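Participant: To be precise about what I am sending: the file is called structure.pdb and holds PDB, C-alpha atoms, pLDDT in the B column.
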ATOM      1  CA  MET A 279      -3.894  19.719 -29.163  1.00 51.00           C
ATOM      2  CA  LYS A 280      -7.471  18.737 -30.100  1.00 57.00           C
ATOM      3  CA  THR A 281      -9.503  17.306 -27.212  1.00 61.00           C
ATOM      4  CA  PRO A 282     -10.962  13.864 -28.020  1.00 67.00           C
ATOM      5  CA  THR A 283     -14.737  13.861 -28.331  1.00 82.00           C
ATOM      6  CA  ARG A 284     -16.733  12.444 -25.462  1.00 86.00           C
ATOM      7  CA  THR A 285     -17.830   8.823 -25.886  1.00 92.00           C
ATOM      8  CA  GLU A 286     -21.235   7.983 -24.489  1.00 92.00           C
ATOM      9  CA  PRO A 287     -21.368   4.964 -22.151  1.00 94.00           C
ATOM     10  CA  ALA A 288     -22.156   1.793 -24.119  1.00 95.00           C
ATOM     11  CA  LEU A 289     -24.065   0.395 -21.138  1.00 96.00           C
ATOM     12  CA  LEU A 290     -26.525   3.300 -21.329  1.00 96.00           C
ATOM     13  CA  ALA A 291     -27.069   3.122 -25.097  1.00 93.00           C
ATOM     14  CA  ALA A 292     -30.698   2.000 -24.647  1.00 91.00           C
ATOM     15  CA  LEU A 293     -31.618   5.259 -22.903  1.00 94.00           C
ATOM     16  CA  ALA A 294     -33.358   8.026 -24.822  1.00 92.00           C
ATOM     17  CA  PRO A 295     -31.259  11.241 -25.026  1.00 92.00           C
ATOM     18  CA  GLU A 296     -33.423  13.059 -22.491  1.00 94.00           C
ATOM     19  CA  ALA A 297     -33.254  10.123 -20.051  1.00 93.00           C
ATOM     20  CA  LEU A 298     -29.480  10.008 -20.429  1.00 94.00           C
ATOM     21  CA  GLU A 299     -29.236  13.723 -19.668  1.00 94.00           C
ATOM     22  CA  LYS A 300     -31.305  13.242 -16.501  1.00 94.00           C
ATOM     23  CA  ILE A 301     -28.937  10.494 -15.393  1.00 95.00           C
ATOM     24  CA  ARG A 302     -25.927  12.620 -16.257  1.00 94.00           C
ATOM     25  CA  ALA A 303     -27.274  15.465 -14.129  1.00 96.00           C
ATOM     26  CA  GLN A 304     -27.201  13.151 -11.088  1.00 97.00           C
ATOM     27  CA  CYS A 305     -23.546  12.189 -11.661  1.00 97.00           C
ATOM     28  CA  ILE A 306     -20.281  14.079 -11.427  1.00 97.00           C
ATOM     29  CA  THR A 307     -17.387  14.258 -13.886  1.00 96.00           C
ATOM     30  CA  ARG A 308     -13.836  13.696 -12.681  1.00 97.00           C
ATOM     31  CA  HIS A 309     -10.550  14.169 -14.517  1.00 97.00           C
ATOM     32  CA  TYR A 310      -7.537  11.916 -13.946  1.00 97.00           C
ATOM     33  CA  GLU A 311      -3.970  12.361 -15.118  1.00 97.00           C
ATOM     34  CA  LYS A 312      -1.963   9.613 -16.797  1.00 95.00           C
ATOM     35  CA  ASP A 313      -0.815   6.962 -14.265  1.00 93.00           C
ATOM     36  CA  GLU A 314      -3.188   8.289 -11.584  1.00 96.00           C
ATOM     37  CA  GLN A 315      -5.076   5.695  -9.570  1.00 96.00           C
ATOM     38  CA  ILE A 316      -8.827   5.883 -10.093  1.00 97.00           C
ATOM     39  CA  VAL A 317      -9.858   3.168  -7.641  1.00 95.00           C
ATOM     40  CA  GLY A 318      -7.782   0.997  -5.336  1.00 94.00           C
ATOM     41  CA  GLU A 319      -8.066  -2.648  -4.375  1.00 92.00           C
ATOM     42  CA  LEU A 320     -10.008  -3.187  -1.126  1.00 91.00           C
ATOM     43  CA  GLU A 321     -11.470   0.325  -1.124  1.00 92.00           C
ATOM     44  CA  ARG A 322     -15.110   0.559  -0.135  1.00 88.00           C
ATOM     45  CA  GLY A 323     -16.792   1.330  -3.420  1.00 82.00           C
ATOM     46  CA  LYS A 324     -19.954   3.416  -3.566  1.00 91.00           C
ATOM     47  CA  GLN A 325     -19.707   4.604  -7.177  1.00 96.00           C
ATOM     48  CA  MET A 326     -19.912   3.291 -10.740  1.00 97.00           C
ATOM     49  CA  TYR A 327     -17.469   4.699 -13.314  1.00 98.00           C
ATOM     50  CA  PHE A 328     -18.008   5.396 -17.031  1.00 98.00           C
ATOM     51  CA  ILE A 329     -14.962   6.325 -19.137  1.00 98.00           C
ATOM     52  CA  GLU A 330     -15.886   9.155 -21.507  1.00 97.00           C
ATOM     53  CA  ARG A 331     -12.394  10.093 -22.648  1.00 96.00           C
ATOM     54  CA  GLY A 332      -9.119   8.190 -22.340  1.00 95.00           C
ATOM     55  CA  ARG A 333      -8.116   4.646 -21.395  1.00 93.00           C
ATOM     56  CA  ALA A 334      -7.576   2.807 -18.105  1.00 95.00           C
ATOM     57  CA  ARG A 335      -6.104  -0.509 -16.948  1.00 91.00           C
ATOM     58  CA  VAL A 336      -7.342  -3.002 -14.339  1.00 92.00           C
ATOM     59  CA  THR A 337      -4.462  -4.427 -12.292  1.00 89.00           C
ATOM     60  CA  LEU A 338      -3.495  -6.224  -9.096  1.00 86.00           C
ATOM     61  CA  LEU A 339      -0.207  -6.335  -7.219  1.00 80.00           C
ATOM     62  CA  SER A 340       1.215  -9.654  -6.070  1.00 70.00           C
ATOM     63  CA  TYR A 341       2.628 -10.052  -2.557  1.00 71.00           C
ATOM     64  CA  GLY A 342       6.062  -9.605  -4.120  1.00 68.00           C
ATOM     65  CA  GLY A 343       5.061  -6.283  -5.682  1.00 70.00           C
ATOM     66  CA  ARG A 344       4.675  -7.577  -9.235  1.00 73.00           C
ATOM     67  CA  GLU A 345       1.871  -5.948 -11.220  1.00 75.00           C
ATOM     68  CA  VAL A 346      -0.573  -8.262 -12.950  1.00 77.00           C
ATOM     69  CA  SER A 347      -2.733  -6.685 -15.664  1.00 80.00           C
ATOM     70  CA  PHE A 348      -6.220  -8.012 -16.364  1.00 80.00           C
ATOM     71  CA  VAL A 349      -7.787  -5.819 -19.011  1.00 85.00           C
ATOM     72  CA  ASP A 350      -7.548  -2.397 -20.625  1.00 88.00           C
ATOM     73  CA  LEU A 351     -10.684  -0.261 -20.742  1.00 93.00           C
ATOM     74  CA  ALA A 352     -11.455   2.256 -23.480  1.00 93.00           C
ATOM     75  CA  ALA A 353     -13.778   5.241 -23.708  1.00 95.00           C
ATOM     76  CA  GLY A 354     -17.400   4.062 -23.579  1.00 96.00           C
ATOM     77  CA  GLU A 355     -16.655   1.248 -21.117  1.00 97.00           C
ATOM     78  CA  ASN A 356     -17.464   1.103 -17.410  1.00 97.00           C
ATOM     79  CA  PHE A 357     -16.187  -0.414 -14.178  1.00 97.00           C
ATOM     80  CA  GLY A 358     -16.988  -0.510 -10.476  1.00 96.00           C
ATOM     81  CA  GLU A 359     -20.250  -2.426 -10.727  1.00 96.00           C
ATOM     82  CA  LEU A 360     -19.118  -5.450  -8.694  1.00 95.00           C
ATOM     83  CA  SER A 361     -18.869  -3.584  -5.400  1.00 95.00           C
ATOM     84  CA  LEU A 362     -22.262  -1.964  -5.979  1.00 95.00           C
ATOM     85  CA  ILE A 363     -23.844  -5.369  -6.577  1.00 94.00           C
ATOM     86  CA  ASP A 364     -22.373  -7.372  -3.694  1.00 93.00           C
ATOM     87  CA  GLY A 365     -21.343  -4.624  -1.248  1.00 93.00           C
ATOM     88  CA  ARG A 366     -17.796  -5.961  -0.935  1.00 93.00           C
ATOM     89  CA  PRO A 367     -14.566  -3.934  -1.332  1.00 94.00           C
ATOM     90  CA  ARG A 368     -13.024  -3.239  -4.728  1.00 94.00           C
ATOM     91  CA  SER A 369     -11.477  -6.365  -6.251  1.00 91.00           C
ATOM     92  CA  ALA A 370      -8.695  -4.606  -8.214  1.00 93.00           C
ATOM     93  CA  ASN A 371      -6.914  -1.340  -8.924  1.00 95.00           C
ATOM     94  CA  VAL A 372      -7.841   0.810 -11.905  1.00 96.00           C
ATOM     95  CA  ILE A 373      -5.089   3.090 -13.247  1.00 95.00           C
ATOM     96  CA  ALA A 374      -5.401   5.806 -15.904  1.00 96.00           C
ATOM     97  CA  LEU A 375      -3.316   4.878 -18.956  1.00 91.00           C
ATOM     98  CA  THR A 376      -3.907   8.332 -20.444  1.00 93.00           C
ATOM     99  CA  GLU A 377      -5.612  11.475 -19.267  1.00 96.00           C
ATOM    100  CA  CYS A 378      -9.160  10.388 -18.475  1.00 97.00           C
ATOM    101  CA  GLU A 379     -12.533  12.051 -18.120  1.00 97.00           C
ATOM    102  CA  ILE A 380     -14.898   9.840 -16.171  1.00 97.00           C
ATOM    103  CA  MET A 381     -18.562  10.107 -15.266  1.00 97.00           C
ATOM    104  CA  VAL A 382     -19.014   8.916 -11.679  1.00 98.00           C
ATOM    105  CA  MET A 383     -22.444   7.532 -10.757  1.00 98.00           C
ATOM    106  CA  PRO A 384     -23.444   7.337  -7.060  1.00 97.00           C
ATOM    107  CA  GLU A 385     -24.759   4.048  -5.701  1.00 96.00           C
ATOM    108  CA  ASN A 386     -28.338   5.294  -5.256  1.00 96.00           C
ATOM    109  CA  VAL A 387     -28.481   6.510  -8.860  1.00 97.00           C
ATOM    110  CA  PHE A 388     -27.149   3.141 -10.049  1.00 97.00           C
ATOM    111  CA  GLN A 389     -29.836   1.283  -8.102  1.00 96.00           C
ATOM    112  CA  ARG A 390     -32.652   3.501  -9.394  1.00 95.00           C
ATOM    113  CA  LEU A 391     -31.318   3.118 -12.945  1.00 96.00           C
ATOM    114  CA  LEU A 392     -31.528  -0.677 -12.805  1.00 95.00           C
ATOM    115  CA  ASP A 393     -34.986  -0.581 -11.202  1.00 95.00           C
ATOM    116  CA  ALA A 394     -36.375   1.816 -13.794  1.00 94.00           C
ATOM    117  CA  HIS A 395     -34.713   0.391 -16.916  1.00 94.00           C
ATOM    118  CA  PRO A 396     -34.728  -3.435 -17.221  1.00 94.00           C
ATOM    119  CA  ARG A 397     -32.910  -3.183 -20.560  1.00 94.00           C
ATOM    120  CA  ILE A 398     -29.956  -1.569 -18.769  1.00 95.00           C
ATOM    121  CA  ALA A 399     -30.005  -4.317 -16.136  1.00 95.00           C
ATOM    122  CA  PHE A 400     -29.963  -6.955 -18.884  1.00 96.00           C
ATOM    123  CA  ALA A 401     -27.106  -5.157 -20.667  1.00 96.00           C
ATOM    124  CA  LEU A 402     -25.153  -5.251 -17.406  1.00 97.00           C
ATOM    125  CA  LEU A 403     -25.831  -9.004 -17.131  1.00 96.00           C
ATOM    126  CA  ARG A 404     -24.407  -9.442 -20.628  1.00 96.00           C
ATOM    127  CA  GLN A 405     -21.285  -7.516 -19.575  1.00 95.00           C
ATOM    128  CA  LEU A 406     -20.814  -9.699 -16.503  1.00 96.00           C
ATOM    129  CA  THR A 407     -21.334 -12.854 -18.575  1.00 96.00           C
ATOM    130  CA  ALA A 408     -18.652 -11.699 -21.014  1.00 94.00           C
ATOM    131  CA  MET A 409     -16.321 -11.079 -18.070  1.00 91.00           C
ATOM    132  CA  VAL A 410     -16.867 -14.613 -16.730  1.00 93.00           C
ATOM    133  CA  ARG A 411     -16.217 -16.129 -20.163  1.00 93.00           C
ATOM    134  CA  ARG A 412     -13.049 -14.069 -20.566  1.00 88.00           C
ATOM    135  CA  LEU A 413     -11.738 -15.145 -17.160  1.00 87.00           C
ATOM    136  CA  CYS A 414     -12.551 -18.807 -17.885  1.00 89.00           C
ATOM    137  CA  GLU A 415     -10.584 -18.507 -21.098  1.00 86.00           C
ATOM    138  CA  ARG A 416      -7.621 -17.065 -19.221  1.00 83.00           C
ATOM    139  CA  ILE A 417      -7.734 -19.804 -16.565  1.00 86.00           C
ATOM    140  CA  PHE A 418      -7.744 -22.449 -19.302  1.00 85.00           C
ATOM    141  CA  GLU A 419      -4.735 -20.845 -20.994  1.00 84.00           C
ATOM    142  CA  PHE A 420      -2.712 -20.540 -17.782  1.00 83.00           C
ATOM    143  CA  SER A 421      -3.474 -24.164 -16.887  1.00 84.00           C
ATOM    144  CA  THR A 422      -2.925 -25.884 -20.222  1.00 84.00           C
ATOM    145  CA  ILE A 423      -0.644 -24.028 -22.645  1.00 87.00           C
ATOM    146  CA  GLY A 424       2.865 -22.619 -22.636  1.00 90.00           C
ATOM    147  CA  VAL A 425       4.111 -19.027 -22.554  1.00 91.00           C
ATOM    148  CA  ASN A 426       4.493 -18.644 -26.334  1.00 92.00           C
ATOM    149  CA  GLN A 427       0.980 -19.919 -26.960  1.00 92.00           C
ATOM    150  CA  ARG A 428      -0.442 -17.620 -24.264  1.00 92.00           C
ATOM    151  CA  LEU A 429       1.206 -14.702 -26.024  1.00 93.00           C
ATOM    152  CA  HIS A 430      -0.331 -15.764 -29.356  1.00 94.00           C
ATOM    153  CA  ALA A 431      -3.775 -15.867 -27.728  1.00 92.00           C
ATOM    154  CA  GLU A 432      -3.307 -12.436 -26.136  1.00 91.00           C
ATOM    155  CA  LEU A 433      -2.148 -10.927 -29.439  1.00 94.00           C
ATOM    156  CA  LEU A 434      -5.167 -12.453 -31.166  1.00 93.00           C
ATOM    157  CA  ARG A 435      -7.516 -10.866 -28.612  1.00 90.00           C
ATOM    158  CA  LEU A 436      -5.911  -7.485 -29.182  1.00 90.00           C
ATOM    159  CA  ALA A 437      -5.855  -7.867 -32.968  1.00 92.00           C
ATOM    160  CA  LYS A 438      -9.564  -8.728 -33.200  1.00 91.00           C
ATOM    161  CA  LYS A 439     -10.414  -5.332 -31.716  1.00 88.00           C
ATOM    162  CA  HIS A 440      -8.483  -3.475 -34.423  1.00 90.00           C
ATOM    163  CA  ILE A 441      -9.208  -5.181 -37.760  1.00 92.00           C
ATOM    164  CA  GLU A 442      -9.454  -2.548 -40.506  1.00 91.00           C
ATOM    165  CA  LEU A 443     -11.274  -2.648 -43.837  1.00 89.00           C
ATOM    166  CA  ASP A 444      -8.283  -4.209 -45.623  1.00 90.00           C
ATOM    167  CA  GLY A 445      -8.354  -7.157 -43.199  1.00 89.00           C
ATOM    168  CA  VAL A 446      -5.130  -6.086 -41.483  1.00 92.00           C
ATOM    169  CA  ALA A 447      -5.161  -5.618 -37.707  1.00 93.00           C
ATOM    170  CA  ARG A 448      -3.297  -2.511 -36.563  1.00 93.00           C
ATOM    171  CA  ILE A 449      -3.042  -2.293 -32.775  1.00 90.00           C
ATOM    172  CA  PRO A 450      -2.426   1.340 -31.721  1.00 86.00           C
ATOM    173  CA  ASN A 451      -0.550   2.231 -28.538  1.00 82.00           C
ATOM    174  CA  ALA A 452       0.531  -1.394 -28.333  1.00 86.00           C
ATOM    175  CA  PRO A 453       1.394  -2.746 -24.883  1.00 86.00           C
ATOM    176  CA  THR A 454       5.084  -2.819 -24.027  1.00 87.00           C
ATOM    177  CA  HIS A 455       6.882  -6.131 -23.695  1.00 91.00           C
ATOM    178  CA  ALA A 456       6.697  -5.790 -19.909  1.00 88.00           C
ATOM    179  CA  GLN A 457       2.944  -5.117 -20.053  1.00 86.00           C
ATOM    180  CA  LEU A 458       2.361  -8.148 -22.271  1.00 90.00           C
ATOM    181  CA  ALA A 459       4.427 -10.248 -19.870  1.00 89.00           C
ATOM    182  CA  SER A 460       2.248  -9.023 -16.999  1.00 84.00           C
ATOM    183  CA  ARG A 461      -0.910 -10.052 -18.862  1.00 85.00           C
ATOM    184  CA  ILE A 462       0.248 -13.595 -19.560  1.00 87.00           C
ATOM    185  CA  SER A 463       2.238 -14.140 -16.351  1.00 83.00           C
ATOM    186  CA  CYS A 464       5.780 -14.526 -17.647  1.00 86.00           C
ATOM    187  CA  HIS A 465       9.034 -12.568 -17.971  1.00 87.00           C
ATOM    188  CA  ARG A 466       9.622  -9.719 -20.410  1.00 89.00           C
ATOM    189  CA  GLU A 467      12.542 -11.530 -22.022  1.00 93.00           C
ATOM    190  CA  ALA A 468      10.284 -14.426 -23.063  1.00 93.00           C
ATOM    191  CA  VAL A 469       7.857 -11.998 -24.692  1.00 93.00           C
ATOM    192  CA  THR A 470      10.686 -10.248 -26.549  1.00 94.00           C
ATOM    193  CA  ARG A 471      12.023 -13.535 -27.927  1.00 94.00           C
ATOM    194  CA  GLU A 472       8.627 -14.692 -29.171  1.00 94.00           C
ATOM    195  CA  LEU A 473       7.700 -11.325 -30.695  1.00 94.00           C
ATOM    196  CA  ASN A 474      10.978 -11.370 -32.615  1.00 94.00           C
ATOM    197  CA  SER A 475      10.222 -14.908 -33.790  1.00 93.00           C
ATOM    198  CA  LEU A 476       6.723 -13.915 -34.958  1.00 94.00           C
ATOM    199  CA  GLU A 477       8.145 -10.908 -36.776  1.00 93.00           C
ATOM    200  CA  ASN A 478      10.748 -13.040 -38.542  1.00 93.00           C
ATOM    201  CA  ALA A 479       7.995 -15.439 -39.600  1.00 92.00           C
ATOM    202  CA  GLY A 480       5.893 -12.613 -41.044  1.00 93.00           C
ATOM    203  CA  VAL A 481       3.055 -13.119 -38.551  1.00 93.00           C
ATOM    204  CA  LEU A 482       3.667  -9.751 -36.908  1.00 94.00           C
ATOM    205  CA  ALA A 483       5.173  -6.396 -37.836  1.00 93.00           C
ATOM    206  CA  ARG A 484       5.999  -3.285 -35.854  1.00 90.00           C
ATOM    207  CA  GLU A 485       5.520   0.342 -36.851  1.00 87.00           C
ATOM    208  CA  LYS A 486       6.423   2.892 -34.181  1.00 82.00           C
ATOM    209  CA  ARG A 487       3.857   2.323 -31.381  1.00 84.00           C
ATOM    210  CA  LYS A 488       1.711  -0.016 -33.503  1.00 89.00           C
ATOM    211  CA  LEU A 489       1.685  -3.785 -33.711  1.00 92.00           C
ATOM    212  CA  ILE A 490       0.492  -4.986 -37.109  1.00 93.00           C
ATOM    213  CA  VAL A 491      -0.964  -8.422 -37.854  1.00 94.00           C
ATOM    214  CA  PRO A 492      -1.049  -8.701 -41.674  1.00 92.00           C
ATOM    215  CA  GLU A 493      -2.947 -12.011 -41.702  1.00 86.00           C
ATOM    216  CA  ILE A 494      -5.104 -12.462 -38.646  1.00 89.00           C
ATOM    217  CA  ARG A 495      -6.276 -15.853 -39.977  1.00 90.00           C
ATOM    218  CA  ARG A 496      -2.730 -17.169 -39.691  1.00 90.00           C
ATOM    219  CA  LEU A 497      -2.506 -16.112 -36.039  1.00 92.00           C
ATOM    220  CA  GLN A 498      -5.980 -17.591 -35.455  1.00 92.00           C
ATOM    221  CA  GLN A 499      -4.825 -20.930 -36.881  1.00 91.00           C
ATOM    222  CA  MET A 500      -1.800 -20.978 -34.560  1.00 90.00           C
ATOM    223  CA  VAL A 501      -4.097 -20.502 -31.563  1.00 89.00           C
ATOM    224  CA  ASP A 502      -6.672 -23.029 -32.832  1.00 87.00           C
ATOM    225  CA  LEU A 503      -4.065 -25.744 -33.352  1.00 82.00           C
ATOM    226  CA  VAL A 504      -2.878 -25.460 -29.766  1.00 75.00           C
ATOM    227  CA  ASN A 505      -6.423 -25.388 -28.388  1.00 69.00           C
ATOM    228  CA  GLY A 506      -7.406 -28.404 -30.462  1.00 62.00           C
ATOM    229  CA  ALA A 507      -9.948 -26.528 -32.557  1.00 50.00           C
ATOM    230  CA  ALA A 508     -10.336 -26.998 -36.288  1.00 41.00           C
ATOM    231  CA  PRO A 509      -8.438 -24.237 -38.119  1.00 41.00           C
ATOM    232  CA  GLN A 510     -10.715 -21.600 -39.604  1.00 42.00           C
ATOM    233  CA  ARG A 511     -10.905 -21.464 -43.409  1.00 39.00           C
TER     234      ARG A 511
END
What is this structure when it is put down as structure tokens?

Facilitator:
Amino acid sequence: MKTPTRTEPALLAALAPEALEKIRAQCITRHYEKDEQIVGELERGKQMYFIERGRARVTLLSYGGREVSFVDLAAGENFGELSLIDGRPRSANVIALTECEIMVMPENVFQRLLDAHPRIAFALLRQLTAMVRRLCERIFEFSTIGVNQRLHAELLRLAKKHIELDGVARIPNAPTHAQLASRISCHREAVTRELNSLENAGVLAREKRKLIVPEIRRLQQMVDLVNGAAPQR
């Protein structure tokens, strides 16, 4: 089986190739198997992580043992910066969804990187701002709209990442019904019912492990109407 090519960290895109290689020489590479825990909630974190191959998921466990998923991370993305910034323990678990190859950056290297490269520091600020906006959006959804509408919004977020040249969104390795339920805080059965309803209405189609959104504008309009926004034309 062909090994996926290594994806360079998006956060470090502003670095010249030779500067990136110097940084890489100060880091270590770790391999993780599918379903292996990469970091654990409340661990004392002294490293930053950059996914170079594979995918990972950020989760928390409720007191009752129910897993709540926050976001999936792809190759090129990073995590672990919060504990390096504020010195507090890890705020969530990160689990490998597939086999992963990860560049691990020690705390002292992270600090020198930000001091020496203001553009990297600003890129990190943009990442954190995007995180805050995403969490605000989720809080609004949980507080104001029903389960079906939360599912529509989550599907729209996924679809926007996978729009192809023909305008059709094809979501590979689509989350299971249980995983979608975890993301929007509901039961799997509710997700199954609504996915079937969307499929019957032609809003959604399924093809093996893919979810297909033939007309993303239609799904966008469903979300906009609930949120009170003017439908996009």

Participant: Closest to Ala452 of chain A among A:Ile363, A:Leu298, A:Met409, A:Leu489, using all atoms listed in the file?

Facilitator: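 Looking only at the distances to Ala452 of chain A, the closest residue turns out to be A:Leu489.
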
Participant: Which residues, named as in the file, does the PyMOL selection byres ((chain A and resi 322-325) around 6) pick out? Answer as a PDB file with C-alpha atoms, in the frame of the given file.

Facilitator:
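What ended up in result-v6.pdb:
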ATOM      1  CA  GLU A 321     -11.470   0.325  -1.124  1.00 92.00           C
ATOM      2  CA  MET A 326     -19.912   3.291 -10.740  1.00 97.00           C
ATOM      3  CA  SER A 361     -18.869  -3.584  -5.400  1.00 95.00           C
ATOM      4  CA  PRO A 367     -14.566  -3.934  -1.332  1.00 94.00           C
ATOM      5  CA  MET A 383     -22.444   7.532 -10.757  1.00 98.00           C
ATOM      6  CA  PRO A 384     -23.444   7.337  -7.060  1.00 97.00           C
ATOM      7  CA  GLU A 385     -24.759   4.048  -5.701  1.00 96.00           C
TER       8      GLU A 385
END

Participant: Box for segment 344-361 of chain A - axis-aligned, 4 Å on each of the six sides, all listed atoms - centre and size in Å to one decimal, as lines of an AutoDock Vina configuration file.

Facilitator:
center_x = -7.8
center_y = -1.5
center_z = -14.6
size_x = 32.9
size_y = 21.5
size_z = 26.3

Participant: I need the residue set behind the PyMOL selection byres ((chain A and resi 405) around 12) for this file; please write it as number ranges by chain.

Facilitator: A: 288-289, 355-357, 359-360, 398-404, 406-412

Participant: Could you dump the residues just selected with C-alpha atoms as a short mmCIF file (atom, residue, chain, number, x, y, z; two decimals), keeping the file's coordinate frame?

Facilitator:
data_model
loop_
_atom_site.label_atom_id
_atom_site.label_comp_id
_atom_site.auth_asym_id
_atom_site.auth_seq_id
_atom_site.Cartn_x
_atom_site.Cartn_y
_atom_site.Cartn_z
CA ALA A 288 -22.16 1.79 -24.12
CA LEU A 289 -24.06 0.40 -21.14
CA GLU A 355 -16.66 1.25 -21.12
CA ASN A 356 -17.46 1.10 -17.41
CA PHE A 357 -16.19 -0.41 -14.18
CA GLU A 359 -20.25 -2.43 -10.73
CA LEU A 360 -19.12 -5.45 -8.69
CA ILE A 398 -29.96 -1.57 -18.77
CA ALA A 399 -30.00 -4.32 -16.14
CA PHE A 400 -29.96 -6.96 -18.88
CA ALA A 401 -27.11 -5.16 -20.67
CA LEU A 402 -25.15 -5.25 -17.41
CA LEU A 403 -25.83 -9.00 -17.13
CA ARG A 404 -24.41 -9.44 -20.63
CA LEU A 406 -20.81 -9.70 -16.50
CA THR A 407 -21.33 -12.85 -18.58
CA ALA A 408 -18.65 -11.70 -21.01
CA MET A 409 -16.32 -11.08 -18.07
CA VAL A 410 -16.87 -14.61 -16.73
CA ARG A 411 -16.22 -16.13 -20.16
CA ARG A 412 -13.05 -14.07 -20.57
#

Participant: List the residues selected by the PyMOL selection byres ((chain A and resi 435) around 12) in the file shown, writing them as a count of residues only.

Facilitator: 26

Participant: Kindly indicate which residue among A:Arg331, A:Lys486, A:Arg344, A:His455 lies nearest to Asn474 of chain A, using only C-alpha atoms for the distances.

Facilitator: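 Counting only C-alpha atoms, the residue closest to Asn474 of chain A is A:His455.
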
Participant: How many Å lie between atom CA of His465 of chain A and atom CA of Asn478 of chain A, rounded to one decimal?

Facilitator: 20.6 Å

Participant: Which residues come within 12 Å of Phe328 of chain A, counting all atoms listed in the file, excluding same-chain residues fewer than 2 positions away, as a VMD selection string?

Facilitator: chain A and resid 284 to 290 302 305 to 309 316 325 to 326 330 to 334 351 to 359 378 to 384 388

Participant: Mind listing as a list in words all residues within 7 Å of (-10.6, 3.4, -7.7), counting only C-alpha atoms?

Facilitator: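 Here is the list of nearby residues: Gln315, Ile316, Val317, Gly318, Asn371 and Val372 of chain A.
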
Participant: Please determine, counting only C-alpha atoms, which residue among A:Thr337, A:Thr454, A:Gln499, A:Gln304 has the shortest atom-to-atom distance to Leu391 of chain A.

Facilitator: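 For Leu391 of chain A, the nearest of the given residues is A:Gln304.
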
Participant: Taking all atoms listed in the file into account, which of A:Gln389, A:Arg397, A:Leu338, A:Thr283 comes nearest Arg368 of chain A?

Facilitator: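 Smallest distance to Arg368 of chain A is found for A:Leu338.
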
Participant: Residues at most 10 Å from Cys464 of chain A, counting all atoms listed in the file, excluding those fewer than 3 positions away in the same chain, as number ranges by chain?

Facilitator: A: 424-426, 428-429, 456, 458-461, 467-469

Participant: How far is it from atom CA of Leu375 of chain A to atom CA of Ile462 of chain A, in Å with one decimal?

Facilitator: 18.8 Å

Participant: When you count only C-alpha atoms, which of these residues is closest to Glu314 of chain A: A:Ser340, A:Asn386, A:Thr376, A:Ser369?

Facilitator: A:Thr376

Participant: As a PDB file, keeping the file's coordinate frame, please: segment 431-444 of chain A completed to N, CA and C atoms.

Facilitator:
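Done, and the output landed in result_9.pdb:
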ATOM      1  N   ALA A 431      -2.363 -16.071 -28.048  1.00 92.00           N
ATOM      2  CA  ALA A 431      -3.775 -15.867 -27.728  1.00 92.00           C
ATOM      3  C   ALA A 431      -4.049 -14.418 -27.324  1.00 92.00           C
ATOM      4  N   GLU A 432      -3.127 -13.823 -26.562  1.00 91.00           N
ATOM      5  CA  GLU A 432      -3.307 -12.436 -26.136  1.00 91.00           C
ATOM      6  C   GLU A 432      -3.209 -11.488 -27.335  1.00 91.00           C
ATOM      7  N   LEU A 433      -2.269 -11.746 -28.232  1.00 94.00           N
ATOM      8  CA  LEU A 433      -2.148 -10.927 -29.439  1.00 94.00           C
ATOM      9  C   LEU A 433      -3.397 -11.040 -30.307  1.00 94.00           C
ATOM     10  N   LEU A 434      -3.945 -12.249 -30.375  1.00 93.00           N
ATOM     11  CA  LEU A 434      -5.167 -12.453 -31.166  1.00 93.00           C
ATOM     12  C   LEU A 434      -6.329 -11.651 -30.580  1.00 93.00           C
ATOM     13  N   ARG A 435      -6.457 -11.653 -29.248  1.00 90.00           N
ATOM     14  CA  ARG A 435      -7.516 -10.866 -28.612  1.00 90.00           C
ATOM     15  C   ARG A 435      -7.375  -9.385 -28.939  1.00 90.00           C
ATOM     16  N   LEU A 436      -6.152  -8.891 -28.867  1.00 90.00           N
ATOM     17  CA  LEU A 436      -5.911  -7.485 -29.182  1.00 90.00           C
ATOM     18  C   LEU A 436      -6.192  -7.195 -30.650  1.00 90.00           C
ATOM     19  N   ALA A 437      -5.722  -8.085 -31.525  1.00 92.00           N
ATOM     20  CA  ALA A 437      -5.855  -7.867 -32.968  1.00 92.00           C
ATOM     21  C   ALA A 437      -7.318  -7.824 -33.393  1.00 92.00           C
ATOM     22  N   LYS A 438      -8.148  -8.668 -32.801  1.00 91.00           N
ATOM     23  CA  LYS A 438      -9.564  -8.728 -33.200  1.00 91.00           C
ATOM     24  C   LYS A 438     -10.293  -7.420 -32.934  1.00 91.00           C
ATOM     25  N   LYS A 439      -9.780  -6.614 -32.020  1.00 88.00           N
ATOM     26  CA  LYS A 439     -10.414  -5.332 -31.716  1.00 88.00           C
ATOM     27  C   LYS A 439     -10.041  -4.251 -32.723  1.00 88.00           C
ATOM     28  N   HIS A 440      -9.031  -4.535 -33.569  1.00 90.00           N
ATOM     29  CA  HIS A 440      -8.483  -3.475 -34.423  1.00 90.00           C
ATOM     30  C   HIS A 440      -8.328  -3.915 -35.875  1.00 90.00           C
ATOM     31  N   ILE A 441      -9.244  -4.770 -36.357  1.00 92.00           N
ATOM     32  CA  ILE A 441      -9.208  -5.181 -37.760  1.00 92.00           C
ATOM     33  C   ILE A 441      -9.774  -4.046 -38.616  1.00 92.00           C
ATOM     34  N   GLU A 442      -9.028  -3.640 -39.638  1.00 91.00           N
ATOM     35  CA  GLU A 442      -9.454  -2.548 -40.506  1.00 91.00           C
ATOM     36  C   GLU A 442     -10.066  -3.110 -41.791  1.00 91.00           C
ATOM     37  N   LEU A 443     -10.536  -2.228 -42.654  1.00 89.00           N
ATOM     38  CA  LEU A 443     -11.274  -2.648 -43.837  1.00 89.00           C
ATOM     39  C   LEU A 443     -10.454  -3.534 -44.769  1.00 89.00           C
ATOM     40  N   ASP A 444      -9.132  -3.381 -44.769  1.00 90.00           N
ATOM     41  CA  ASP A 444      -8.283  -4.209 -45.623  1.00 90.00           C
ATOM     42  C   ASP A 444      -7.966  -5.572 -45.009  1.00 90.00           C
TER      43      ASP A 444
END
